[in-house]
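K.L.:
Dropping in input-v9.txt, with compact mmCIF, C-alpha atoms and all ligand atoms.
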# COMPACT_ATOMS: atom_id res chain seq x y z
CA MET O 1 80.62 13.77 20.61
CA LYS O 2 80.51 13.52 16.80
CA LEU O 3 76.87 13.56 15.70
CA LEU O 4 75.69 13.09 12.12
CA ILE O 5 72.10 14.18 11.47
CA THR O 6 70.43 13.21 8.20
CA GLY O 7 67.53 15.49 7.26
CA ALA O 8 69.24 18.37 9.09
CA SER O 9 67.55 20.96 6.87
CA GLY O 10 64.12 19.66 7.89
CA LEU O 11 61.58 20.73 10.49
CA PHE O 12 62.92 18.37 13.16
CA GLY O 13 66.55 17.96 12.10
CA SER O 14 67.26 21.69 11.92
CA LYS O 15 66.22 22.22 15.56
CA LEU O 16 68.09 19.13 16.67
CA ALA O 17 71.25 20.45 14.98
CA GLY O 18 70.87 23.91 16.57
CA ILE O 19 70.31 22.57 20.09
CA ALA O 20 73.07 19.93 19.79
CA LEU O 21 75.56 22.61 18.73
CA ARG O 22 74.74 24.64 21.82
CA LYS O 23 75.39 21.52 23.89
CA ASN O 24 78.85 21.29 22.35
CA TYR O 25 78.27 18.33 20.07
CA VAL O 26 80.33 18.30 16.89
CA VAL O 27 77.42 18.42 14.44
CA TYR O 28 77.48 17.24 10.83
CA SER O 29 74.28 18.26 9.08
CA GLY O 30 73.23 16.00 6.21
CA TYR O 31 70.93 17.33 3.49
CA SER O 32 70.13 16.76 -0.17
CA LYS O 33 68.87 20.13 -1.53
CA ASP O 34 68.24 22.73 1.19
CA GLN O 35 71.32 24.12 2.95
CA PRO O 36 71.03 23.42 6.72
CA ALA O 37 71.08 26.41 9.08
CA PHE O 38 73.30 24.79 11.74
CA GLY O 39 76.32 22.51 11.86
CA ALA O 40 78.83 21.49 9.20
CA ALA O 41 76.76 20.96 6.04
CA VAL O 42 77.28 17.60 4.32
CA GLN O 43 75.39 17.14 1.06
CA PHE O 44 74.54 13.56 0.20
CA ASP O 45 71.59 11.50 -0.94
CA VAL O 46 70.83 8.79 1.62
CA SER O 47 69.67 6.47 -1.18
CA ASP O 48 73.17 6.55 -2.74
CA LYS O 49 75.01 3.74 -0.94
CA THR O 50 78.46 4.75 -2.22
CA MET O 51 77.95 8.35 -1.06
CA VAL O 52 76.71 7.20 2.34
CA GLU O 53 79.78 4.98 2.81
CA LYS O 54 82.09 7.85 1.76
CA VAL O 55 80.46 10.27 4.21
CA PHE O 56 80.73 7.76 7.07
CA GLU O 57 84.37 7.08 6.22
CA GLU O 58 85.18 10.80 6.28
CA ILE O 59 83.22 11.70 9.42
CA ASN O 60 83.29 8.46 11.42
CA PRO O 61 80.29 9.56 13.54
CA GLU O 62 79.74 8.18 17.04
CA VAL O 63 76.02 8.87 16.86
CA VAL O 64 73.67 9.14 13.87
CA VAL O 65 70.16 10.55 13.97
CA HIS O 66 68.47 9.45 10.76
CA ALA O 67 65.59 11.84 10.03
CA ALA O 68 65.97 12.19 6.23
CA THR O 69 62.69 11.05 4.75
CA LEU O 70 60.38 11.79 1.87
CA THR O 71 57.70 13.16 4.20
CA ASP O 72 55.11 14.24 1.62
CA VAL O 73 52.49 11.57 2.29
CA ASP O 74 50.63 12.09 -0.99
CA LYS O 75 53.83 12.15 -3.05
CA CYS O 76 54.80 8.82 -1.49
CA GLU O 77 51.46 7.40 -2.63
CA THR O 78 51.87 8.61 -6.22
CA ASN O 79 55.63 8.01 -6.51
CA LYS O 80 56.09 4.74 -4.67
CA GLU O 81 59.42 4.00 -6.32
CA LEU O 82 60.97 7.20 -4.99
CA ALA O 83 59.40 6.73 -1.55
CA TRP O 84 60.87 3.21 -1.29
CA LYS O 85 64.27 4.37 -2.55
CA VAL O 86 64.62 7.22 -0.04
CA ASN O 87 62.74 5.91 2.97
CA VAL O 88 63.57 2.20 2.85
CA GLU O 89 66.80 1.84 0.84
CA GLY O 90 68.12 5.09 2.35
CA THR O 91 67.57 3.68 5.83
CA ARG O 92 69.20 0.37 4.86
CA ASN O 93 72.30 2.31 3.71
CA ILE O 94 72.43 4.31 6.95
CA ALA O 95 71.85 1.26 9.18
CA GLU O 96 74.59 -0.74 7.41
CA ALA O 97 77.07 2.14 7.64
CA VAL O 98 76.20 2.60 11.34
CA LYS O 99 76.79 -1.09 12.02
CA LYS O 100 80.15 -1.06 10.24
CA ARG O 101 81.33 1.93 12.33
CA ARG O 102 79.77 0.65 15.58
CA ALA O 103 77.88 3.91 15.99
CA PHE O 104 74.63 4.49 17.89
CA LEU O 105 71.59 5.06 15.66
CA VAL O 106 68.41 6.96 16.44
CA TYR O 107 65.86 6.38 13.71
CA ILE O 108 63.09 8.99 13.62
CA SER O 109 59.73 7.44 12.84
CA THR O 110 56.07 8.28 12.94
CA ASP O 111 52.66 7.73 14.55
CA TYR O 112 51.46 6.92 11.02
CA VAL O 113 52.80 3.35 11.34
CA PHE O 114 49.50 2.67 13.18
CA ASN O 115 46.14 2.27 11.43
CA GLY O 116 44.43 4.91 13.58
CA GLU O 117 41.49 2.80 14.63
CA LYS O 118 42.07 2.96 18.39
CA GLY O 119 44.50 5.81 19.21
CA ASN O 120 46.76 6.20 22.25
CA TYR O 121 49.21 3.71 20.78
CA LYS O 122 51.91 2.27 23.02
CA GLU O 123 55.36 1.17 21.84
CA THR O 124 54.17 -2.44 22.24
CA ASP O 125 51.15 -2.02 19.92
CA THR O 126 51.33 -3.65 16.50
CA PRO O 127 51.81 -1.27 13.55
CA ASP O 128 49.46 -1.56 10.58
CA PRO O 129 50.12 1.18 8.00
CA VAL O 130 47.21 2.54 5.94
CA ASN O 131 49.26 4.41 3.34
CA TYR O 132 52.51 3.95 1.42
CA TYR O 133 54.50 6.57 3.37
CA ALA O 134 53.66 4.73 6.58
CA LEU O 135 54.52 1.38 5.00
CA THR O 136 57.98 2.66 4.03
CA LYS O 137 58.52 4.02 7.57
CA LEU O 138 57.55 0.66 9.07
CA LYS O 139 59.82 -1.24 6.66
CA ALA O 140 62.62 1.15 7.63
CA GLU O 141 61.97 0.51 11.35
CA GLU O 142 62.21 -3.24 10.66
CA LEU O 143 65.49 -2.81 8.78
CA VAL O 144 66.94 -0.79 11.66
CA GLN O 145 65.94 -3.57 14.06
CA ASP O 146 67.44 -6.25 11.79
CA ILE O 147 70.70 -4.52 10.89
CA ALA O 148 71.79 -2.13 13.64
CA ASP O 149 73.28 -3.34 16.92
CA ASP O 150 72.74 -0.20 19.01
CA TYR O 151 69.63 1.69 18.07
CA CYS O 152 66.58 3.58 19.23
CA ILE O 153 63.43 4.10 17.19
CA ALA O 154 61.85 7.40 18.23
CA ARG O 155 58.37 8.18 16.94
CA GLY O 156 56.87 11.67 16.67
CA SER O 157 53.45 12.91 15.52
CA VAL O 158 52.47 16.04 13.54
CA ILE O 159 55.63 18.01 14.19
CA TYR O 160 55.45 21.82 14.37
CA GLY O 161 57.84 24.60 15.23
CA ALA O 162 58.73 28.27 15.04
CA SER O 163 60.55 28.27 11.70
CA PRO O 164 59.76 27.07 8.18
CA ALA O 165 62.15 24.32 7.07
CA ALA O 166 62.98 22.39 3.91
CA GLY O 167 60.96 24.93 1.90
CA LYS O 168 57.72 24.31 3.83
CA ILE O 169 55.75 25.83 6.65
CA ASN O 170 54.21 23.56 9.24
CA PHE O 171 50.56 23.38 10.32
CA ALA O 172 50.96 25.75 13.29
CA LEU O 173 52.60 28.52 11.22
CA TRP O 174 50.13 27.94 8.37
CA LEU O 175 47.19 28.31 10.71
CA ILE O 176 48.56 31.43 12.42
CA ASN O 177 49.16 33.05 8.99
CA LYS O 178 45.65 32.20 7.78
CA LEU O 179 43.98 33.59 10.90
CA LYS O 180 46.13 36.74 10.86
CA GLY O 181 45.06 37.22 7.24
CA ASN O 182 41.40 36.94 8.30
CA GLU O 183 40.95 33.78 6.25
CA SER O 184 38.76 30.85 7.35
CA PRO O 185 40.96 27.72 7.29
CA LYS O 186 39.26 24.33 7.10
CA VAL O 187 40.30 22.19 10.06
CA LEU O 188 39.51 18.52 10.66
CA ILE O 189 37.20 17.61 13.51
CA ASP O 190 37.63 13.85 13.00
CA GLN O 191 41.39 13.35 13.08
CA TRP O 192 43.35 12.97 16.32
CA ASN O 193 47.07 12.85 16.99
CA SER O 194 49.73 14.05 19.43
CA PRO O 195 51.16 17.35 18.09
CA THR O 196 54.89 17.54 18.73
CA LEU O 197 56.92 20.72 19.21
CA ASN O 198 60.21 20.19 17.39
CA THR O 199 62.36 21.68 20.18
CA ASN O 200 60.76 19.37 22.77
CA MET O 201 61.34 16.38 20.47
CA ALA O 202 64.95 17.47 19.91
CA ASP O 203 65.58 17.71 23.68
CA MET O 204 64.18 14.20 24.18
CA THR O 205 66.28 12.84 21.30
CA LEU O 206 69.46 14.30 22.80
CA GLU O 207 68.64 12.68 26.13
CA ILE O 208 68.14 9.35 24.35
CA ILE O 209 71.61 9.82 22.82
CA GLU O 210 73.26 10.89 26.08
CA ARG O 211 71.80 7.92 27.98
CA LYS O 212 72.08 5.54 25.00
CA LEU O 213 68.50 4.41 25.46
CA THR O 214 67.58 1.57 23.13
CA GLY O 215 64.33 0.11 21.82
CA ILE O 216 61.25 2.08 20.78
CA TYR O 217 60.15 5.39 22.34
CA HIS O 218 57.15 7.57 21.62
CA ILE O 219 58.56 11.09 21.93
CA SER O 220 55.60 13.09 20.65
CA GLY O 221 53.66 15.71 22.57
CA ALA O 222 51.81 14.30 25.58
CA THR O 223 48.29 15.35 24.56
CA ARG O 224 45.88 13.43 22.31
CA ILE O 225 43.86 16.10 20.54
CA SER O 226 41.75 16.58 17.41
CA ARG O 227 43.17 18.81 14.72
CA TYR O 228 40.27 21.22 15.31
CA ASP O 229 40.84 21.51 19.08
CA TYR O 230 44.57 21.91 18.48
CA ALA O 231 43.83 24.73 16.02
CA LYS O 232 41.50 26.34 18.57
CA LEU O 233 44.18 26.24 21.29
CA LEU O 234 46.71 27.67 18.85
CA ALA O 235 44.36 30.52 17.98
CA GLN O 236 43.66 31.24 21.66
CA THR O 237 47.37 31.17 22.55
CA PHE O 238 48.11 33.74 19.84
CA ASN O 239 44.98 35.86 20.55
CA LEU O 240 43.50 35.09 17.15
CA ASN O 241 39.85 34.73 16.18
CA THR O 242 38.68 31.14 16.77
CA ASP O 243 35.40 31.90 14.96
CA LEU O 244 37.33 31.87 11.69
CA LEU O 245 38.10 28.14 12.05
CA THR O 246 35.95 26.12 9.68
CA PRO O 247 35.19 22.60 10.93
CA SER O 248 35.69 19.97 8.23
CA THR O 249 35.93 16.19 7.98
CA LEU O 250 38.34 13.69 6.43
CA ALA O 251 35.67 12.73 3.89
CA GLU O 252 35.75 16.27 2.43
CA PHE O 253 39.37 15.94 1.31
CA SER O 254 40.41 13.97 -1.77
CA TRP O 255 44.03 13.21 -0.88
CA SER O 256 45.94 10.50 -2.75
CA ALA O 257 46.95 8.87 0.56
CA LYS O 258 44.53 7.69 3.21
CA ARG O 259 45.08 9.25 6.68
CA PRO O 260 44.75 7.34 9.96
CA LYS O 261 41.84 8.68 11.99
CA ASP O 262 43.42 8.52 15.45
CA SER O 263 47.16 7.90 15.44
CA SER O 264 47.76 9.55 18.83
CA LEU O 265 50.64 8.11 20.82
CA ASP O 266 50.80 7.03 24.44
CA THR O 267 53.93 8.73 25.80
CA SER O 268 53.94 7.21 29.28
CA LYS O 269 57.21 5.31 28.64
CA ALA O 270 58.97 8.59 27.75
CA GLN O 271 57.24 10.36 30.67
CA GLN O 272 58.55 7.72 33.08
CA THR O 273 62.03 7.37 31.60
CA LEU O 274 63.14 10.81 30.43
CA LYS O 275 64.05 13.92 32.39
CA ASN O 276 63.01 15.95 29.34
CA LYS O 277 59.30 15.05 29.33
CA PRO O 278 56.85 15.15 26.43
CA LEU O 279 55.07 18.49 26.89
CA GLN O 280 51.33 18.88 27.38
CA ILE O 281 49.83 20.83 24.47
CA GLN O 282 49.23 24.08 26.38
CA GLN O 283 52.82 24.13 27.71
CA ALA O 284 54.15 23.41 24.23
CA LEU O 285 52.12 26.21 22.65
CA GLU O 286 53.35 28.68 25.28
CA GLN O 287 56.87 27.50 24.44
CA LEU O 288 56.19 27.99 20.71
CA LYS O 289 55.00 31.54 21.45
CA LYS O 290 58.23 32.33 23.30
CA GLU O 291 60.26 30.86 20.46
CA LEU O 292 58.39 32.98 17.89
CA GLU O 293 58.87 36.08 20.05
CA GLY O 294 62.55 35.22 20.37
CA THR O 295 62.36 35.11 24.16
CA SER O 296 63.21 31.42 24.55
CA GLU O 297 66.67 29.93 24.84
CA THR O 298 65.59 26.83 22.93
CA ALA O 299 64.41 28.74 19.85
N1 LIG O 301 56.52 16.35 9.98
C1 LIG O 301 55.75 15.58 10.71
O1 LIG O 301 54.62 15.95 11.03
C2 LIG O 301 56.25 14.25 11.20
C3 LIG O 301 55.42 13.49 12.05
C4 LIG O 301 55.89 12.27 12.55
C5 LIG O 301 57.16 11.84 12.21
N2 LIG O 301 57.93 12.57 11.36
C6 LIG O 301 59.26 12.05 11.01
O2 LIG O 301 60.22 12.99 11.48
C7 LIG O 301 61.35 12.98 10.60
C8 LIG O 301 61.67 14.39 10.18
O3 LIG O 301 60.54 14.94 9.51
P1 LIG O 301 60.48 16.48 9.11
O4 LIG O 301 59.06 16.88 9.07
O5 LIG O 301 61.46 17.24 9.92
O6 LIG O 301 61.02 16.40 7.61
P2 LIG O 301 61.07 17.55 6.51
O7 LIG O 301 60.95 18.89 7.14
O8 LIG O 301 60.13 17.19 5.42
O9 LIG O 301 62.56 17.38 5.99
C9 LIG O 301 62.95 16.22 5.35
C10 LIG O 301 64.46 16.16 5.40
O10 LIG O 301 64.90 14.98 4.72
C11 LIG O 301 65.91 15.34 3.79
N3 LIG O 301 65.88 14.44 2.66
C12 LIG O 301 64.81 14.08 1.90
N4 LIG O 301 65.19 13.23 0.93
C13 LIG O 301 66.53 13.03 1.12
C14 LIG O 301 67.50 12.24 0.45
N5 LIG O 301 67.19 11.47 -0.60
N6 LIG O 301 68.79 12.28 0.90
C15 LIG O 301 69.12 13.06 1.95
N7 LIG O 301 68.25 13.81 2.63
C16 LIG O 301 66.97 13.80 2.20
C17 LIG O 301 65.55 16.75 3.40
O11 LIG O 301 66.69 17.39 2.87
P3 LIG O 301 66.55 18.42 1.62
O12 LIG O 301 65.45 19.37 1.98
O13 LIG O 301 67.88 19.04 1.56
O14 LIG O 301 66.18 17.56 0.47
C18 LIG O 301 65.13 17.35 4.73
O15 LIG O 301 66.25 17.73 5.48
C19 LIG O 301 61.00 12.04 9.47
O16 LIG O 301 61.57 10.80 9.75
C20 LIG O 301 59.49 11.92 9.52
O17 LIG O 301 59.06 10.68 9.03
C21 LIG O 301 57.51 13.76 10.86
Would you mind giving the structure from this file in structure tokens?

P.N.:
Amino acid sequence: MKLLITGASGLFGSKLAGIALRKNYVVYSGYSKDQPAFGAAVQFDVSDKTMVEKVFEEINPEVVVHAATLTDVDKCETNKELAWKVNVEGTRNIAEAVKKRRAFLVYISTDYVFNGEKGNYKETDTPDPVNYYALTKLKAEELVQDIADDYCIARGSVIYGASPAAGKINFALWLINKLKGNESPKVLIDQWNSPTLNTNMADMTLEIIERKLTGIYHISGATRISRYDYAKLLAQTFNLNTDLLTPSTLAEFSWSAKRPKDSSLDTSKAQQTLKNKPLQIQQALEQLKKELEGTSETA
């Protein structure tokens, strides 16, 4: 199957590309700056409609996973024009090209579409973004629903994984490095979400593709947890000193973009539907450990 992944140099897309290749997909890896590690690299800016049409004409993909996004939440707040161009207009271009080619589209979205006041959000709950990044992701979801014929919207939450990607390290690697260096990282006690191991999310996405599941799915990790408790479990899993963790609160940080307090996702629909289940946090951290040690096949 011909699969085009946008954002294939990113934290999620790079793992998806690697796993899809091993499952014998023909993988085209879209990126804008950072060369993807897996698949046939295709450089194009999703916000450039002409480029998008040219790429679709050349590849004629059967399935498209659209993960390319300006993910820097604070940058989206301070550069709204760019955020809209990439996240909203980019998605419009992809959705229109998908429709024209009658391909299947999986749009990767986020727990941040919710306002974070209640947590444990189901697919049927009403989004209510509290920052500009989240607003662009919600607008993009709406465009996918309006334009595409065959689509799935798959939402993750605080993605982490064994390798840096797109020039960044993720929270799990950052925390492990800090603790190994005997530093005392500040970790939030008043923010909850559903940390998502990128390989688990990639496996669920491939099942969505294989079974052509449509609609909205929450494919995050299965556990609602505070950032502090997540950090503590990470430290314990890697035999690091939990005493170094410094509890802090949202009010102590002066970010440009507001963060939802509890954007955790209810994954029961994915649990009931998929064979590849959302992992509980402890299972996922054991899996991360294997991947970092190079003893896992999914690494
Ligand atoms: N990270 C999280 O915690 C998290 C949580 C929930 C949902 N999500 C969602 O999951 C998806 C993947 O996130 P991620 O963390 O894997 O992203 P990431 O590591 O920040 O990577 C972003 C990707 O998007 C590409 N990209 C950015 N602007 C582009 C443009 N104009 N044209 C083409 N490609 C462009 C980047 O390519 P270059 O590097 O080559 O520019 C990179 O491959 C996103 O939809 C995000 O909203 C992420």

K.L.:
Can you work out which one of O:Asp128, O:Glu81, O:Glu123, O:Asp72 has the shortest atom-to-atom distance to Cys152 in chain O, counting all atoms listed in the file?

P.N.:
O:Glu123

K.L.:
For ligand LIG 301 (chain O), which residue among O:Lys118, O:Lys80, O:Arg155, O:Arg102 is the nearest when counting all atoms listed in the file?

P.N.:
O:Arg155

K.L.:
My list of candidates is O:Ala148, O:Val65, O:Leu188, O:Leu265. Which is closest to Ser29 in chain O when distances are computed with all atoms listed in the file?

P.N.:
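Of O:Ala148, O:Val65, O:Leu188, O:Leu265, the one nearest Ser29 in chain O, counting all atoms listed in the file, is O:Val65.
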
K.L.:
Neighbours of ligand LIG 301 (chain O) within 7 Å, counting all atoms listed in the file, as a ChimeraX atom specification?

P.N.:
/O:6-13,30-35,44-47,67-72,86,108-111,137,155-160,165-166

K.L.:
Given 8 Å of margin on each side, can you work out the centre and size in Å (one decimal) of an axis-aligned box holding every listed atom of range 133-138 of chain O, as AutoDock Vina command-line options?

P.N.:
--center_x 56.1 --center_y 3.6 --center_z 6.2 --size_x 20.9 --size_y 21.9 --size_z 21.7

K.L.:
Which range 138-202 of chain O residues have any atom within 8 Å of an atom of range 224-236 of chain O, and for each, what is the nearest pair of atoms with distance in Å to one decimal, counting only C-alpha atoms, rows sorted by chain and number, as JSON lines?

P.N.:
{"residue": "O:Ala172", "atom": "CA", "partner": "O:Leu234", "partner_atom": "CA", "distance": 7.3}
{"residue": "O:Leu175", "atom": "CA", "partner": "O:Ala231", "partner_atom": "CA", "distance": 7.2}
{"residue": "O:Ile176", "atom": "CA", "partner": "O:Ala235", "partner_atom": "CA", "distance": 7.0}
{"residue": "O:Leu179", "atom": "CA", "partner": "O:Ala235", "partner_atom": "CA", "distance": 7.7}
{"residue": "O:Val187", "atom": "CA", "partner": "O:Tyr228", "partner_atom": "CA", "distance": 5.3}
{"residue": "O:Leu188", "atom": "CA", "partner": "O:Tyr228", "partner_atom": "CA", "distance": 5.4}
{"residue": "O:Ile189", "atom": "CA", "partner": "O:Tyr228", "partner_atom": "CA", "distance": 5.1}
{"residue": "O:Asp190", "atom": "CA", "partner": "O:Ser226", "partner_atom": "CA", "distance": 6.6}
{"residue": "O:Gln191", "atom": "CA", "partner": "O:Ser226", "partner_atom": "CA", "distance": 5.4}
{"residue": "O:Trp192", "atom": "CA", "partner": "O:Ser226", "partner_atom": "CA", "distance": 4.1}
{"residue": "O:Asn193", "atom": "CA", "partner": "O:Arg224", "partner_atom": "CA", "distance": 5.5}
{"residue": "O:Ser194", "atom": "CA", "partner": "O:Arg224", "partner_atom": "CA", "distance": 4.8}
{"residue": "O:Pro195", "atom": "CA", "partner": "O:Ile225", "partner_atom": "CA", "distance": 7.8}

K.L.:
With distances taken over only C-alpha atoms, which of O:Lys75, O:Ile19, O:Pro129, O:Glu53 is nearest to Gly39 in chain O?

P.N.:
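For Gly39 in chain O, the nearest of the given residues is O:Ile19.
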
K.L.:
Would you list the contacts of Glu210 in chain O as a VMD selection string, taking every protein, DNA or RNA residue within 12 Å and counting all atoms listed in the file, but skipping same-chain residues closer than 3 positions in sequence?

P.N.:
chain O and resid 1 3 20 23 25 62 to 63 104 106 203 to 207 213 to 214 274 to 276

K.L.:
Neighbouring residues of Val88 in chain O were defined as those with any atom within 9 Å, considering only C-alpha atoms; residues of the same chain fewer than 6 positions away were excluded. Please report them as an MDAnalysis selection string.

P.N.:
chainID O and resid 47 136:141 143

K.L.:
Smallest atom-to-atom distance to Tyr132 in chain O: which of O:Ala257, O:Ile169, O:Leu250, O:Met51, using only C-alpha atoms?

P.N.:
O:Ala257

K.L.:
Distance CA of Val42 in chain O-CA of Tyr28 in chain O, one decimal place?

P.N.:
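We find that CA of Val42 in chain O and CA of Tyr28 in chain O lie 6.5 Å from each other.
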
K.L.:
Quick check, in Å to one decimal: how far apart do CA of Lys100 in chain O and CA of Lys2 in chain O lie?

P.N.:
16.0 Å
